[in-house]
Amino acid sequence: MERTISIIKPDATAKNVIGKILTRFEDAGLKIVAGKLTRLTKEQAGAFYEVHKERPFYGELCEYMTSGPVFISVLEGNDAVALNRKLMGATDPKQAEKGTIRADFADSISANAVHGSDSKENAEKEIKFFFPELAQ
Ligand code: CMP
């Protein structure tokens with residue numbers, strides 16, 4: 001069993017598709033073991049995306065992630081990290097495979113509907129960041 005973080009981003013919460021996205025995780029066999037609807041502070045977004053600090057899009061990314069509510073959940077299942085990434089599709093929705101969450105719901109590379117942990121190690125860090133009570 002593995003765990004990963006999913007964040008449904010402000011563009012998707014504004015489109016009222018939280019339920020549709022969560023259903024995709026459940027239908028693929030992932031179990032939602034924690035979840036919260038919240039609005040990130042500038043400090044939280046900045047710290048969460050610290051790995052991208054030197055990237056040219058960091059400022060825009062943090063600004064965007066604080067622009068509206070997000071739904072953060074912990075997904076559990078076999079190969080949860082890879083499975084969630086497969087369900088999401090490529091970062092840029094224009095490159096995302098048909099039938100993936102980003103192909104179906106995302107607008108642009110910034111407003112790309114969902115975030116998912118990119119490795120088991122980062123999943124552990126991200127779970128600890130948002131749900132310290134779940135940290136193993
Ligand atoms: P996410 O999975 O949340 O991780 C980092 C985010 O940076 C990524 O999704 C994109 O939404 C955002 N981003 C914005 N511009 C770019 C870019 N040019 N290349 C990669 N990611 C970008």
# chains A, B, ... in the order shown; residues from 1 in each chain; ligands from 1

$ residues_near_ligand --ligand "ligand 1" --cutoff "9 Å" --atoms "only C-alpha atoms and all ligand atoms" --output "PyMOL selection string"
chain A and resi 7+9+49+52+55-58+60-62+64-65+90-92+108-118

$ residues_around --residues "A:Ala34" --least-positions-apart "6" --cutoff "12 Å" --atoms "only C-alpha atoms" --output "PDB file with N, CA and C atoms, in the first residue's frame"
ATOM      1  N   ARG A   3       0.781   5.766  -0.336  1.00  0.00           N
ATOM      2  CA  ARG A   3      -0.070   6.961  -0.230  1.00  0.00           C
ATOM      3  C   ARG A   3       0.495   8.098  -1.067  1.00  0.00           C
ATOM      4  N   THR A   4      -0.392   8.975  -1.533  1.00  0.00           N
ATOM      5  CA  THR A   4       0.038  10.149  -2.305  1.00  0.00           C
ATOM      6  C   THR A   4      -0.888  11.317  -1.993  1.00  0.00           C
ATOM      7  N   ILE A   5      -0.435  12.506  -2.374  1.00  0.00           N
ATOM      8  CA  ILE A   5      -1.262  13.714  -2.178  1.00  0.00           C
ATOM      9  C   ILE A   5      -1.899  14.128  -3.499  1.00  0.00           C
ATOM     10  N   SER A   6      -3.150  14.519  -3.431  1.00  0.00           N
ATOM     11  CA  SER A   6      -3.812  15.140  -4.578  1.00  0.00           C
ATOM     12  C   SER A   6      -4.294  16.520  -4.140  1.00  0.00           C
ATOM     13  N   ILE A   7      -4.061  17.515  -4.991  1.00  0.00           N
ATOM     14  CA  ILE A   7      -4.673  18.830  -4.748  1.00  0.00           C
ATOM     15  C   ILE A   7      -5.534  19.167  -5.963  1.00  0.00           C
ATOM     16  N   LEU A  22     -12.776  13.306  -7.722  1.00  0.00           N
ATOM     17  CA  LEU A  22     -12.621  12.296  -6.664  1.00  0.00           C
ATOM     18  C   LEU A  22     -13.164  10.941  -7.130  1.00  0.00           C
ATOM     19  N   PHE A  71      -9.005  21.551  -2.927  1.00  0.00           N
ATOM     20  CA  PHE A  71      -9.394  20.378  -2.144  1.00  0.00           C
ATOM     21  C   PHE A  71      -8.184  19.446  -2.092  1.00  0.00           C
ATOM     22  N   ILE A  72      -7.676  19.258  -0.876  1.00  0.00           N
ATOM     23  CA  ILE A  72      -6.461  18.447  -0.703  1.00  0.00           C
ATOM     24  C   ILE A  72      -6.857  17.097  -0.133  1.00  0.00           C
ATOM     25  N   SER A  73      -6.370  16.014  -0.759  1.00  0.00           N
ATOM     26  CA  SER A  73      -6.691  14.697  -0.208  1.00  0.00           C
ATOM     27  C   SER A  73      -5.480  13.779  -0.214  1.00  0.00           C
ATOM     28  N   VAL A  74      -5.559  12.767   0.635  1.00  0.00           N
ATOM     29  CA  VAL A  74      -4.551  11.705   0.665  1.00  0.00           C
ATOM     30  C   VAL A  74      -5.198  10.476   0.050  1.00  0.00           C
ATOM     31  N   LEU A  75      -4.550   9.936  -0.997  1.00  0.00           N
ATOM     32  CA  LEU A  75      -5.065   8.762  -1.704  1.00  0.00           C
ATOM     33  C   LEU A  75      -4.195   7.565  -1.352  1.00  0.00           C
ATOM     34  N   GLU A  76      -4.845   6.440  -1.127  1.00  0.00           N
ATOM     35  CA  GLU A  76      -4.111   5.230  -0.738  1.00  0.00           C
ATOM     36  C   GLU A  76      -4.459   4.076  -1.668  1.00  0.00           C
ATOM     37  N   ILE A 127       2.395  14.805   2.425  1.00  0.00           N
ATOM     38  CA  ILE A 127       1.377  14.357   3.388  1.00  0.00           C
ATOM     39  C   ILE A 127       1.674  14.988   4.750  1.00  0.00           C
ATOM     40  N   PHE A 130       0.612  18.780   4.837  1.00  0.00           N
ATOM     41  CA  PHE A 130      -0.810  19.122   4.961  1.00  0.00           C
ATOM     42  C   PHE A 130      -1.567  18.323   6.020  1.00  0.00           C
ATOM     43  N   PHE A 131      -1.098  17.121   6.304  1.00  0.00           N
ATOM     44  CA  PHE A 131      -1.794  16.270   7.290  1.00  0.00           C
ATOM     45  C   PHE A 131      -0.774  15.697   8.272  1.00  0.00           C
ATOM     46  N   PRO A 132      -0.167  16.539   9.113  1.00  0.00           N
ATOM     47  CA  PRO A 132       0.888  16.043  10.006  1.00  0.00           C
ATOM     48  C   PRO A 132       0.406  14.905  10.907  1.00  0.00           C
ATOM     49  N   GLU A 133      -0.906  14.886  11.167  1.00  0.00           N
ATOM     50  CA  GLU A 133      -1.456  13.833  12.029  1.00  0.00           C
ATOM     51  C   GLU A 133      -1.370  12.444  11.393  1.00  0.00           C
ATOM     52  N   LEU A 134      -1.169  12.387  10.050  1.00  0.00           N
ATOM     53  CA  LEU A 134      -1.103  11.097   9.359  1.00  0.00           C
ATOM     54  C   LEU A 134       0.342  10.595   9.198  1.00  0.00           C
ATOM     55  N   ALA A 135       1.299  11.462   9.474  1.00  0.00           N
ATOM     56  CA  ALA A 135       2.709  11.099   9.218  1.00  0.00           C
ATOM     57  C   ALA A 135       3.092   9.844   9.985  1.00  0.00           C
TER      58      ALA A 135
END

$ select_by_dssp --residues "stretch 69-113 of chain A" --states "alpha helix (DSSP H)" --output "MDAnalysis selection string"
chainID A and resid 80:88 101:105

$ atom_distance --atom1 "atom CA of A:Leu87" --atom2 "atom CA of A:Lys42"
28.0 Å

$ select_by_dssp --residues "chain A" --states "strand (DSSP E or B)" --output "list of chain:residue names"
A:Glu2, A:Arg3, A:Thr4, A:Ile5, A:Ser6, A:Ile7, A:Ile8, A:Lys31, A:Ile32, A:Val33, A:Ala34, A:Gly35, A:Lys36, A:Leu37, A:Thr38, A:Val70, A:Phe71, A:Ile72, A:Ser73, A:Val74, A:Leu75, A:Glu76, A:Gly77, A:Val114, A:His115, A:Gly116

$ closest_residue --among "A:Ala106, A:Ala45, A:Met1, A:Leu30" --to "A:Leu83" --atoms "only C-alpha atoms"
A:Leu30

$ atom_distance --atom1 "atom CA of A:Lys98" --atom2 "atom CA of A:Phe48"
28.9 Å

$ atom_distance --atom1 "atom CA of A:Pro69" --atom2 "atom CA of A:Asn122"
22.6 Å

$ closest_residue --among "A:Gly77, A:Phe25, A:Ala14, A:Gly68" --to "A:Thr100" --atoms "only C-alpha atoms"
A:Phe25
